[in-house]
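Q: mmCIF, C-alpha atoms, file final.cif:
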data_run
#
loop_
_atom_site.label_atom_id
_atom_site.label_comp_id
_atom_site.auth_asym_id
_atom_site.auth_seq_id
_atom_site.Cartn_x
_atom_site.Cartn_y
_atom_site.Cartn_z
CA MET A 11 -32.72 18.58 123.15
CA SER A 12 -34.00 17.35 126.53
CA PRO A 13 -35.92 14.10 126.74
CA THR A 14 -39.62 14.27 127.50
CA GLU A 15 -41.73 12.35 129.92
CA PHE A 16 -42.77 10.15 127.03
CA ASP A 17 -39.15 9.27 126.47
CA LEU A 18 -38.75 8.56 130.16
CA ARG A 19 -41.76 6.25 130.23
CA ALA A 20 -40.55 4.49 127.12
CA ALA A 21 -37.08 4.11 128.60
CA LEU A 22 -38.51 2.67 131.81
CA HIS A 23 -40.69 0.17 129.95
CA ASP A 24 -37.88 -0.85 127.69
CA GLY A 25 -36.73 -4.40 128.31
CA GLU A 26 -39.64 -5.65 130.34
CA GLY A 27 -41.23 -9.00 129.70
CA ASP A 28 -39.37 -11.48 131.89
CA ARG A 29 -41.65 -13.46 134.11
CA VAL A 30 -41.30 -14.56 137.69
CA ASP A 31 -41.55 -18.23 138.57
CA PRO A 32 -44.23 -18.52 141.30
CA ASP A 33 -42.99 -21.95 142.36
CA GLN A 34 -39.60 -20.53 143.10
CA VAL A 35 -41.16 -17.77 145.22
CA ILE A 36 -43.35 -20.28 147.07
CA ALA A 37 -40.39 -22.55 147.71
CA GLY A 38 -38.45 -19.59 149.05
CA GLY A 39 -41.38 -18.62 151.24
CA ARG A 40 -41.70 -22.10 152.65
CA ARG A 41 -37.99 -22.26 153.33
CA GLN A 42 -38.11 -18.93 155.15
CA GLN A 43 -41.15 -20.04 157.09
CA ALA A 44 -39.39 -23.22 158.20
CA GLN A 45 -36.35 -21.21 159.27
CA ARG A 46 -38.52 -18.80 161.19
CA ARG A 47 -40.28 -21.69 162.91
CA ALA A 48 -36.99 -23.34 163.81
CA ARG A 49 -35.67 -20.06 165.16
CA LEU A 50 -38.81 -19.64 167.23
CA MET A 51 -38.53 -23.18 168.59
CA SER A 52 -34.90 -22.76 169.53
CA THR A 53 -35.66 -19.45 171.23
CA ALA A 54 -38.49 -21.08 173.15
CA ALA A 55 -36.24 -23.99 174.11
CA VAL A 56 -33.53 -21.65 175.33
CA THR A 57 -36.12 -19.64 177.27
CA VAL A 58 -37.49 -22.77 178.92
CA LEU A 59 -33.96 -23.93 179.69
CA VAL A 60 -33.01 -20.62 181.26
CA ALA A 61 -36.26 -20.51 183.22
CA ALA A 62 -35.71 -24.05 184.47
CA ALA A 63 -32.15 -23.21 185.46
CA GLY A 64 -33.39 -20.11 187.26
CA ILE A 65 -36.06 -22.04 189.12
CA GLY A 66 -33.57 -24.74 190.02
CA ALA A 67 -31.08 -22.19 191.28
CA THR A 68 -33.81 -20.50 193.31
CA VAL A 69 -34.86 -23.81 194.86
CA ILE A 70 -31.25 -24.68 195.71
CA TRP A 71 -30.70 -21.19 197.11
CA ASN A 72 -33.80 -21.45 199.24
CA HIS A 73 -32.71 -24.81 200.61
CA SER A 74 -29.19 -23.71 201.42
CA GLY A 75 -29.64 -19.97 201.62
CA PRO A 76 -29.80 -17.70 204.61
CA ASN A 77 -32.58 -17.98 207.13
CA PRO A 78 -35.44 -15.72 206.22
CA SER A 79 -35.58 -14.49 209.79
CA THR A 80 -32.02 -13.28 209.59
CA SER A 81 -31.88 -9.56 209.84
CA ALA A 82 -30.59 -7.50 206.97
CA ASP A 83 -27.20 -7.01 208.55
CA GLY A 84 -27.09 -10.61 209.67
CA SER A 85 -26.41 -9.73 213.26
CA ASN A 86 -28.38 -9.98 216.46
CA ARG A 87 -32.03 -10.69 216.06
CA TYR A 88 -34.60 -10.09 218.72
CA ASP A 89 -37.76 -12.03 218.95
CA HIS A 90 -40.40 -11.72 221.60
CA GLY A 91 -42.03 -15.06 221.24
CA ALA A 92 -44.64 -15.46 218.61
CA ASN A 93 -44.79 -11.76 217.86
CA SER A 94 -41.29 -11.78 216.41
CA GLU A 95 -40.90 -8.12 217.04
CA ALA A 96 -37.59 -6.43 217.26
CA LEU A 97 -36.89 -4.66 220.43
CA ASN A 98 -37.47 -1.02 219.94
CA GLY A 99 -36.84 2.08 221.91
CA ALA A 100 -39.63 1.33 224.31
CA ALA A 101 -38.15 -1.99 225.21
CA GLY A 102 -34.65 -0.90 225.60
CA GLY A 103 -33.86 2.06 223.47
CA PRO A 104 -31.37 2.41 220.71
CA ALA A 105 -28.67 0.84 222.80
CA LEU A 106 -30.30 -2.53 222.22
CA ARG A 107 -29.91 -2.36 218.52
CA PRO A 108 -26.88 -4.16 217.19
CA SER A 109 -24.60 -1.76 215.46
CA GLY A 110 -21.19 -1.20 214.01
CA PRO A 111 -18.51 -3.54 215.24
CA GLN A 112 -20.97 -5.64 217.17
CA ALA A 113 -22.86 -6.61 214.12
CA SER A 114 -21.64 -9.90 212.82
CA ARG A 115 -21.68 -10.97 209.24
CA LEU A 116 -24.46 -12.98 207.68
CA THR A 117 -23.33 -16.54 207.22
CA ARG A 118 -25.13 -18.66 204.67
CA GLY A 119 -26.49 -21.95 205.82
CA ALA A 120 -26.22 -21.11 209.51
CA THR A 121 -28.92 -21.41 212.09
CA PRO A 122 -31.94 -23.02 210.51
CA LYS A 123 -35.24 -21.81 211.90
CA ALA A 124 -36.00 -25.01 213.79
CA ALA A 125 -32.75 -24.77 215.71
CA GLU A 126 -33.59 -21.24 216.84
CA GLN A 127 -36.63 -22.27 218.83
CA CYS A 128 -36.60 -21.78 222.56
CA PRO A 129 -37.63 -24.56 224.92
CA ASP A 130 -41.24 -24.16 225.99
CA SER A 131 -40.21 -23.81 229.57
CA LEU A 132 -36.99 -23.21 231.37
CA PRO A 133 -35.00 -26.46 231.45
CA ARG A 134 -34.40 -27.70 234.95
CA TYR A 135 -31.09 -29.33 235.69
CA LEU A 136 -29.72 -30.89 238.79
CA LEU A 137 -26.44 -29.27 239.54
CA PRO A 138 -23.77 -31.87 238.90
CA GLY A 139 -22.35 -33.15 242.13
CA GLY A 140 -24.93 -31.19 243.98
CA GLY A 141 -23.07 -28.05 243.04
CA SER A 142 -19.92 -29.01 244.82
CA PRO A 143 -16.87 -27.73 243.00
CA GLY A 144 -14.46 -29.97 241.16
CA GLN A 145 -16.66 -33.02 241.04
CA PHE A 146 -17.76 -35.13 238.12
CA ASP A 147 -15.62 -33.22 235.68
CA THR A 148 -17.83 -30.15 235.83
CA ALA A 149 -15.08 -28.05 234.19
CA ARG A 150 -15.80 -29.65 230.85
CA PRO A 151 -17.11 -27.35 228.09
CA LEU A 152 -20.66 -26.12 228.40
CA PHE A 153 -21.13 -26.51 224.65
CA ALA A 154 -20.17 -29.94 223.33
CA LYS A 155 -19.41 -28.62 219.83
CA PRO A 156 -18.29 -25.32 218.34
CA VAL A 157 -21.29 -23.08 217.84
CA SER A 158 -21.83 -20.49 215.15
CA SER A 159 -24.84 -18.84 216.67
CA VAL A 160 -26.54 -18.68 220.00
CA VAL A 161 -30.19 -18.37 220.92
CA VAL A 162 -30.77 -16.76 224.28
CA CYS A 163 -34.21 -17.42 225.72
CA SER A 164 -35.41 -15.33 228.61
CA TYR A 165 -38.08 -16.65 230.95
CA GLY A 166 -38.20 -13.49 233.02
CA THR A 167 -37.64 -13.20 236.67
CA PRO A 168 -37.22 -16.33 238.77
CA ALA A 169 -40.79 -15.90 239.98
CA MET A 170 -42.06 -15.82 236.42
CA ALA A 171 -39.86 -18.68 235.29
CA LEU A 172 -40.35 -20.93 238.21
CA GLY A 173 -43.75 -19.87 239.53
CA PRO A 174 -47.05 -21.71 239.18
CA THR A 175 -47.76 -20.11 235.79
CA PRO A 176 -44.48 -20.45 233.98
CA VAL A 177 -43.64 -18.51 230.86
CA SER A 178 -44.63 -20.26 227.66
CA ILE A 179 -43.41 -17.70 225.12
CA PRO A 180 -39.99 -16.59 226.22
CA GLY A 181 -38.15 -13.57 224.95
CA ARG A 182 -35.60 -14.52 222.38
CA LEU A 183 -32.34 -13.09 221.18
CA VAL A 184 -30.35 -14.67 218.35
CA LEU A 185 -26.67 -13.89 218.19
CA ASP A 186 -24.53 -14.72 215.18
CA GLY A 187 -20.85 -14.49 214.53
CA ALA A 188 -18.70 -12.37 216.82
CA PRO A 189 -21.36 -11.54 219.44
CA ALA A 190 -22.18 -15.25 219.69
CA ALA A 191 -18.53 -16.15 220.04
CA ARG A 192 -18.02 -13.53 222.75
CA LEU A 193 -21.01 -14.80 224.68
CA VAL A 194 -19.86 -18.42 224.45
CA THR A 195 -16.32 -17.46 225.47
CA SER A 196 -17.61 -15.55 228.48
CA LEU A 197 -19.65 -18.58 229.52
CA GLU A 198 -16.87 -21.09 229.02
CA GLN A 199 -14.28 -18.91 230.77
CA ALA A 200 -16.38 -18.30 233.83
CA ASP A 201 -15.09 -19.73 237.11
CA THR A 202 -15.31 -23.47 237.48
CA THR A 203 -15.38 -23.20 241.24
CA ARG A 204 -17.69 -21.12 243.33
CA GLY A 205 -15.07 -19.98 245.77
CA THR A 206 -15.79 -16.95 247.84
CA LYS A 207 -16.65 -13.85 245.98
CA PHE A 208 -18.22 -10.73 247.30
CA CYS A 209 -21.21 -9.75 245.26
CA PRO A 210 -22.81 -6.37 245.84
CA ALA A 211 -26.53 -6.14 246.08
CA PRO A 212 -28.11 -5.76 242.66
CA SER A 213 -28.70 -2.12 241.79
CA THR A 214 -31.83 -2.81 239.84
CA THR A 215 -34.76 -5.08 240.14
CA VAL A 216 -33.87 -6.85 236.94
CA GLU A 217 -33.13 -10.51 237.19
CA ARG A 218 -33.49 -13.03 234.43
CA GLU A 219 -33.64 -16.79 234.09
CA LEU A 220 -32.07 -17.71 230.78
CA ALA A 221 -31.73 -20.76 228.59
CA ILE A 222 -28.91 -20.50 226.10
CA VAL A 223 -29.06 -22.76 223.06
CA GLY A 224 -25.93 -23.14 221.00
CA VAL A 225 -26.41 -23.88 217.30
CA THR A 226 -23.63 -25.43 215.25
CA ALA A 227 -22.68 -24.26 211.79
CA ALA A 228 -24.59 -27.25 210.44
CA GLY A 229 -27.72 -25.95 212.15
CA LYS A 230 -27.86 -28.51 214.94
CA ALA A 231 -29.11 -27.24 218.29
CA LEU A 232 -27.02 -28.38 221.26
CA ASP A 233 -28.32 -29.02 224.75
CA SER A 234 -29.55 -25.91 226.50
CA VAL A 235 -27.40 -24.17 229.03
CA THR A 236 -29.28 -22.45 231.83
CA ALA A 237 -28.09 -19.37 233.64
CA ASN A 238 -29.44 -16.78 236.00
CA LEU A 239 -28.47 -13.21 235.41
CA SER A 240 -28.74 -10.10 237.52
CA GLN A 241 -27.51 -6.55 237.50
CA PRO A 242 -24.67 -6.33 238.29
CA ALA A 243 -23.88 -9.82 237.07
CA CYS A 244 -22.38 -11.69 239.95
CA ASP A 245 -22.82 -14.96 241.72
CA THR A 246 -24.40 -16.44 238.64
CA VAL A 247 -24.59 -20.16 238.04
CA VAL A 248 -24.41 -21.66 234.60
CA THR A 249 -24.95 -25.32 233.84
CA ASN A 250 -26.02 -27.75 231.20
CA GLY A 251 -26.57 -30.55 233.68
CA SER A 252 -23.03 -31.86 233.48
CA ALA A 253 -20.74 -28.85 233.27
CA LEU A 254 -20.87 -26.01 235.73
CA ARG A 255 -19.67 -22.40 235.85
CA TYR A 256 -19.90 -19.71 238.48
CA HIS A 257 -19.76 -15.93 238.52
CA TRP A 258 -20.52 -15.61 234.81
CA THR A 259 -20.30 -12.04 233.60
CA PRO A 260 -21.48 -11.45 230.05
CA PRO A 261 -19.71 -8.86 227.88
CA PRO A 262 -21.05 -5.45 228.95
CA ASP A 263 -22.85 -4.68 225.71
CA LEU A 264 -24.54 -8.07 225.71
CA LEU A 265 -25.43 -7.80 229.37
CA ARG A 266 -27.77 -4.90 228.67
CA GLN A 267 -29.38 -6.78 225.82
CA LEU A 268 -29.85 -9.93 227.86
CA LEU A 269 -31.37 -8.08 230.77
CA ALA A 270 -33.72 -6.27 228.43
CA LEU A 271 -35.13 -9.55 227.13
CA THR A 272 -38.61 -10.13 228.45
CA PRO A 273 -41.07 -12.92 227.83
CA SER A 274 -44.21 -11.88 226.03
CA ALA A 275 -46.81 -14.19 227.57
CA THR A 276 -47.49 -16.82 230.11
CA SER A 277 -49.24 -20.12 229.65
CA GLN A 278 -52.26 -18.97 231.60
CA SER A 279 -54.25 -15.84 231.43
CA GLY A 280 -53.66 -13.13 233.93
CA SER A 281 -50.55 -11.39 235.00
CA PRO A 282 -47.69 -13.51 236.15
CA PRO A 283 -46.87 -13.16 239.80
CA LEU A 284 -44.38 -10.39 239.99
CA VAL A 285 -42.10 -10.84 242.90
CA ARG A 286 -39.80 -8.04 243.55
CA PRO A 287 -36.32 -9.52 243.47
CA SER A 288 -34.64 -9.59 246.77
CA GLY A 289 -31.33 -8.68 245.27
CA ARG A 290 -29.91 -12.04 245.94
CA ASN A 291 -29.19 -14.62 243.38
CA HIS A 292 -31.45 -17.57 243.35
CA GLY A 293 -28.66 -19.94 242.61
CA SER A 294 -29.02 -22.44 239.85
CA PRO A 295 -32.04 -22.17 237.58
CA VAL A 296 -33.90 -24.90 239.33
CA GLN A 297 -33.07 -27.81 241.42
CA SER A 298 -35.76 -30.39 241.22
CA MET B 11 -53.99 -22.98 155.02
CA ARG B 12 -52.50 -20.44 152.63
CA ASP B 13 -54.28 -19.89 149.30
CA GLU B 14 -51.36 -20.85 147.09
CA ALA B 15 -53.44 -20.88 143.92
CA GLY B 16 -54.41 -17.25 144.53
CA PHE B 17 -50.83 -16.30 145.17
CA ARG B 18 -49.70 -18.13 142.06
CA ALA B 19 -52.26 -16.21 140.02
CA PHE B 20 -51.10 -12.95 141.56
CA VAL B 21 -47.49 -13.66 140.65
CA GLU B 22 -48.47 -14.69 137.12
CA ALA B 23 -50.35 -11.41 136.69
CA ASN B 24 -47.97 -8.96 138.34
CA GLY B 25 -44.64 -10.73 138.58
CA ALA B 26 -43.26 -9.35 135.33
CA THR B 27 -44.08 -5.74 136.25
CA LEU B 28 -42.63 -6.13 139.72
CA LEU B 29 -39.51 -7.79 138.35
CA HIS B 30 -38.91 -4.98 135.91
CA ALA B 31 -39.53 -2.38 138.60
CA ALA B 32 -37.02 -4.16 140.78
CA ARG B 33 -34.46 -4.10 138.00
CA LEU B 34 -35.07 -0.39 137.50
CA LEU B 35 -34.68 0.22 141.23
CA THR B 36 -31.47 -1.73 141.58
CA GLY B 37 -30.10 -0.94 138.14
CA ASP B 38 -28.92 -4.50 137.95
CA HIS B 39 -30.48 -7.52 136.28
CA HIS B 40 -29.63 -10.13 138.93
CA ARG B 41 -30.04 -7.90 141.95
CA GLY B 42 -33.45 -7.00 140.59
CA GLU B 43 -34.39 -10.69 140.55
CA ASP B 44 -33.19 -11.09 144.13
CA LEU B 45 -35.14 -8.04 145.16
CA VAL B 46 -38.41 -9.19 143.63
CA GLN B 47 -37.89 -12.62 145.18
CA THR B 48 -37.48 -11.00 148.59
CA ALA B 49 -40.54 -8.82 148.16
CA LEU B 50 -42.76 -11.60 146.82
CA THR B 51 -41.65 -13.91 149.63
CA LYS B 52 -42.86 -11.30 152.11
CA VAL B 53 -46.15 -11.15 150.24
CA TYR B 54 -46.38 -14.95 150.31
CA LEU B 55 -45.83 -15.04 154.07
CA LYS B 56 -48.59 -12.47 154.54
CA TRP B 57 -50.88 -13.86 151.87
CA GLY B 58 -54.45 -14.11 153.11
CA ARG B 59 -53.93 -11.37 155.66
CA ILE B 60 -53.37 -8.46 153.29
CA GLU B 61 -56.24 -6.76 151.55
CA ALA B 62 -54.41 -5.19 148.62
CA PRO B 63 -51.54 -7.44 147.55
CA LEU B 64 -50.20 -5.28 144.72
CA PRO B 65 -49.65 -2.07 146.75
CA TYR B 66 -48.24 -4.23 149.52
CA ALA B 67 -45.86 -5.87 147.07
CA ARG B 68 -44.77 -2.50 145.66
CA ARG B 69 -44.16 -1.15 149.10
CA ALA B 70 -42.27 -4.28 150.11
CA LEU B 71 -40.19 -3.92 146.96
CA VAL B 72 -39.28 -0.30 147.63
CA ASN B 73 -38.65 -0.84 151.34
CA ALA B 74 -36.45 -3.85 150.70
CA HIS B 75 -34.51 -1.87 148.12
CA ILE B 76 -34.03 1.13 150.41
CA ASP B 77 -33.08 -1.19 153.27
CA GLN B 78 -30.44 -2.81 151.12
CA THR B 79 -28.90 0.51 150.19
CA ARG B 80 -29.16 2.13 153.60
CA ARG B 81 -26.03 2.83 155.61
CA LYS B 82 -23.83 0.24 154.09
CA TRP B 83 -20.36 1.32 153.28
CA TRP B 84 -20.39 -1.15 150.42
CA GLY B 85 -23.80 -0.02 149.23
CA GLU B 86 -24.75 2.38 146.47
CA ARG B 87 -23.81 6.03 146.73
CA PRO B 88 -25.51 8.55 144.50
CA THR B 89 -23.10 10.92 142.84
CA GLU B 90 -23.52 14.18 141.04
CA THR B 91 -21.43 13.06 138.12
CA LEU B 92 -21.74 9.58 136.77
CA PRO B 93 -18.59 7.53 136.59
CA GLU B 94 -18.02 7.03 132.90
CA THR B 95 -15.51 4.60 131.61
CA SER B 96 -13.90 4.91 128.23
CA GLU B 97 -15.95 2.00 126.88
CA GLU B 98 -19.16 3.57 128.13
CA ALA B 99 -18.24 6.84 126.53
CA GLY B 100 -18.23 5.08 123.23
CA ASP B 101 -21.56 3.44 124.03
CA VAL B 102 -23.11 6.76 125.00
CA ALA B 103 -22.06 8.22 121.75
CA SER B 104 -23.96 5.53 119.91
CA SER B 105 -26.89 5.09 122.31
CA ASP B 106 -30.25 6.70 121.92
CA VAL B 107 -32.14 8.77 124.47
CA ARG B 108 -33.68 5.76 126.22
CA ASP B 109 -30.37 4.17 126.95
CA GLU B 110 -29.05 7.42 128.30
CA LEU B 111 -32.08 7.85 130.55
CA ARG B 112 -31.71 4.33 131.91
CA ARG B 113 -28.07 5.03 132.59
CA MET B 114 -28.80 8.33 134.29
CA LEU B 115 -31.48 6.68 136.40
CA ALA B 116 -28.71 4.77 138.17
CA GLY B 117 -27.24 8.09 139.29
CA LEU B 118 -30.28 8.98 141.37
CA SER B 119 -30.61 8.25 145.04
CA PRO B 120 -32.59 5.09 145.91
CA ARG B 121 -35.56 7.16 147.09
CA GLU B 122 -35.57 9.42 144.02
CA ARG B 123 -35.30 6.36 141.82
CA ALA B 124 -38.22 4.79 143.64
CA VAL B 125 -40.30 7.92 143.04
CA ILE B 126 -39.50 7.89 139.32
CA VAL B 127 -40.18 4.17 138.95
CA LEU B 128 -43.48 4.31 140.81
CA ARG B 129 -44.64 7.48 139.06
CA TYR B 130 -43.54 6.80 135.50
CA TYR B 131 -43.21 3.03 135.29
CA CYS B 132 -45.97 1.82 137.61
CA ASP B 133 -48.09 4.88 136.69
CA LEU B 134 -49.07 5.61 140.26
CA SER B 135 -50.53 8.94 141.26
CA GLU B 136 -48.58 11.19 143.62
CA GLN B 137 -50.88 10.14 146.45
CA ASP B 138 -50.35 6.44 145.78
CA THR B 139 -46.64 6.97 145.39
CA ALA B 140 -46.54 8.83 148.68
CA GLN B 141 -48.49 5.99 150.32
CA SER B 142 -46.20 3.35 148.87
CA LEU B 143 -43.10 5.17 150.02
CA GLY B 144 -44.54 6.24 153.35
CA MET B 145 -43.77 9.90 152.79
CA PRO B 146 -45.83 13.08 152.38
CA VAL B 147 -47.17 14.02 148.98
CA GLY B 148 -45.14 17.21 149.06
CA THR B 149 -41.96 15.23 149.48
CA VAL B 150 -42.94 13.05 146.53
CA LYS B 151 -43.47 16.17 144.41
CA SER B 152 -40.16 17.73 145.35
CA SER B 153 -38.27 14.44 144.99
CA CYS B 154 -39.86 13.88 141.60
CA ALA B 155 -39.01 17.39 140.39
CA ARG B 156 -35.43 17.04 141.59
CA ALA B 157 -35.06 13.65 139.94
CA LEU B 158 -36.49 14.86 136.66
CA ALA B 159 -34.14 17.82 136.74
CA ARG B 160 -31.19 15.51 137.21
CA LEU B 161 -32.44 13.34 134.35
CA ARG B 162 -32.86 16.57 132.35
CA VAL B 163 -36.40 15.51 131.52
CA GLU B 164 -38.85 18.23 130.57
CA ALA B 165 -42.02 17.84 132.60
CA THR B 166 -44.66 18.16 129.93
CA THR B 167 -47.62 16.76 131.78
CA GLY B 168 -49.20 17.98 134.96
CA THR B 169 -49.63 16.09 138.18
CA ARG B 170 -52.26 13.41 138.34
#
How would this structure read if it were set down as structure tokens?
A:
Amino acid sequence: MSPTEFDLRAALHDGEGDRVDPDQVIAGGRRQQAQRRARLMSTAAVTVLVAAAGIGATVIWNHSGPNPSTSADGSNRYDHGANSEALNGAAGGPALRPSGPQASRLTRGATPKAAEQCPDSLPRYLLPGGGSPGQFDTARPLFAKPVSSVVVCSYGTPAMALGPTPVSIPGRLVLDGAPAARLVTSLEQADTTRGTKFCPAPSTTVERELAIVGVTAAGKALDSVTANLSQPACDTVVTNGSALRYHWTPPPDLLRQLLALTPSATSQSGSPPLVRPSGRNHGSPVQS
Amino acid sequence: MRDEAGFRAFVEANGATLLHAARLLTGDHHRGEDLVQTALTKVYLKWGRIEAPLPYARRALVNAHIDQTRRKWWGERPTETLPETSEEAGDVASSDVRDELRRMLAGLSPRERAVIVLRYYCDLSEQDTAQSLGMPVGTVKSSCARALARLRVEATTGTR
């Protein structure tokens, strides 16, 4: 015979009567609460610790990290004065953009922003020994220390650079890594004597007065080197006031970039006096 | 501050019923005590924020029991045929219907057992049982019918 629901209920109620100790439950609850609180505190402590470590790491990274103005590929950076605009097609076309093998690698800690500033005006140096070759050890290096990047500042044509309303916001090109090294090598390996060299008349009207600032790996800016540059590059004079080089010819790819650099403003309103270059080199940047 | 006097009174009033329900659910004296301790601790931690402590405690009891038996290779596994030892066979021969029902109750799945305990021990309606278990009323009905069939109990009363 099958059991009935009554039997089931009776079977389920059979044996009941034991009581539960409320104190034991409360003690267990308090213990669990304390554990939960401790777990919460430790989680919060770990969170704070991780956050502090993250903030610390960020601060350290920002102090020693790459310059914010460094381009994404870490290579040449163009800056037209305060506008900080990259040269685009209008200024020089795609050829001016660093690409492929020319692009150097981003190096952490190199070239702090302060060291990348251009002098307000073109530095004016007396040519050592009056420009006479072989005097006063003019064959010494143009850059006193190894440089990791180079800032090329363009003050425009000689008339713009040396005229009555000189350029105050020069065009700027920052070179890192291999392009910088190639530029420095070309400068250092230029002739130490003027000699006699036939220079054809420039094929274009482009002529630039440049200040080249070498920046060490530690971010220290060296003394500016001035140079005049024309197209084709010939009969140029490069000096830092003590060392001297002649007939500097930049690497061809850099030559186009350097000639394309233009200052963005002058210190006074109005257009700068544009003097059509005569095709002849104006010699050293300035002799005062 | 938690109203400990109120909780104490609640445990005094309902602790025995909950403890026995826990023993029926687990089928074990000591595991039943652990289960009711777990459920009442949850009630204690929520005390003052729950409106109906007894349904909450029942639900906590059933959920804790189902959680304990869920997906554990060492947990309970309902079987069609109950494992009967030679000693038990002798006991069965001498036991009455109640003992046999209690023994067969252990052969149900945790959810079926919960349905039976809530329906026939706690005397909950199908709606309340469904609410406590978090399942539809239809599922409670079918689970209950299946469990009763396995217990070979004749359903003599209608649904409440």
Q: Can you work out which one of B:Leu28, B:Ser152, B:Thr36, B:Ala62 has the shortest atom-to-atom distance to Ala49 in chain B, counting all atoms listed in the file?
A: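 The answer is B:Leu28, which sits nearest to Ala49 in chain B.
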Q: Counting only C-alpha atoms, which residues from chain B have an atom at most 7 Å from any atom of chain A, and could you show them as a list in words?
A: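 That gives the following set of residues: Arg18, Val21, Gly25, Ala26, His30, Gln47, Leu50, Thr51, Tyr54, Leu55, Val107, Arg108, Asp109, Leu111, Arg112, Tyr130, Tyr131, Arg162, Val163, Glu164, Ala165 and Thr166 of chain B.
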Q: Let me know the residues the PyMOL selection byres ((chain A and resi 247-264) around 8) catches in the file above, as a PyMOL selection string.
A: chain A and resi 135-138+141+146-152+189+192-193+196-198+200-204+233-238+243-246+265-268+293-295
Q: If you apply the PyMOL selection byres ((chain A and resi 223) around 7) to this file, what residues do you get, as number ranges by chain?
A: A: 160-162, 221-222, 224-225, 231-235
Q: Quick check, in Å to one decimal: how far apart do CA of Ile179 in chain A and CA of Pro273 in chain A lie?
A: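 Going from CA of Ile179 in chain A over to CA of Pro273 in chain A, I get 6.0 Å.
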Q: Quick one: pull the distance between CA of Cys128 in chain A and CA of Gln241 in chain A, Å, one decimal.
A: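 It comes out at 23.2 Å.
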Q: Report the distance between CA of Arg123 in chain B and CA of Leu35 in chain B in Å, rounded to one decimal place.
A: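 The value is 6.2 Å.
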Q: Nearest residue to Gly42 in chain B out of B:Val125, B:Ile60, B:Ala155, B:Ala74, using all atoms listed in the file?
A: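 Nearest candidate to Gly42 in chain B out of B:Val125, B:Ile60, B:Ala155, B:Ala74: B:Ala74.
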Q: Quick one: of B:Ala70, B:Leu34, B:Ala159, B:Ala23, who's nearest to Lys52 in chain B, counting only C-alpha atoms?
A: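 Under the stated criterion, the closest residue is B:Ala70.
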Q: With all atoms listed in the file as the atoms that count, which of B:Leu45, B:Ala19, B:Cys132, B:Leu115 lies nearest to Pro63 in chain B?
A: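 Of B:Leu45, B:Ala19, B:Cys132, B:Leu115, the one nearest Pro63 in chain B, counting all atoms listed in the file, is B:Ala19.
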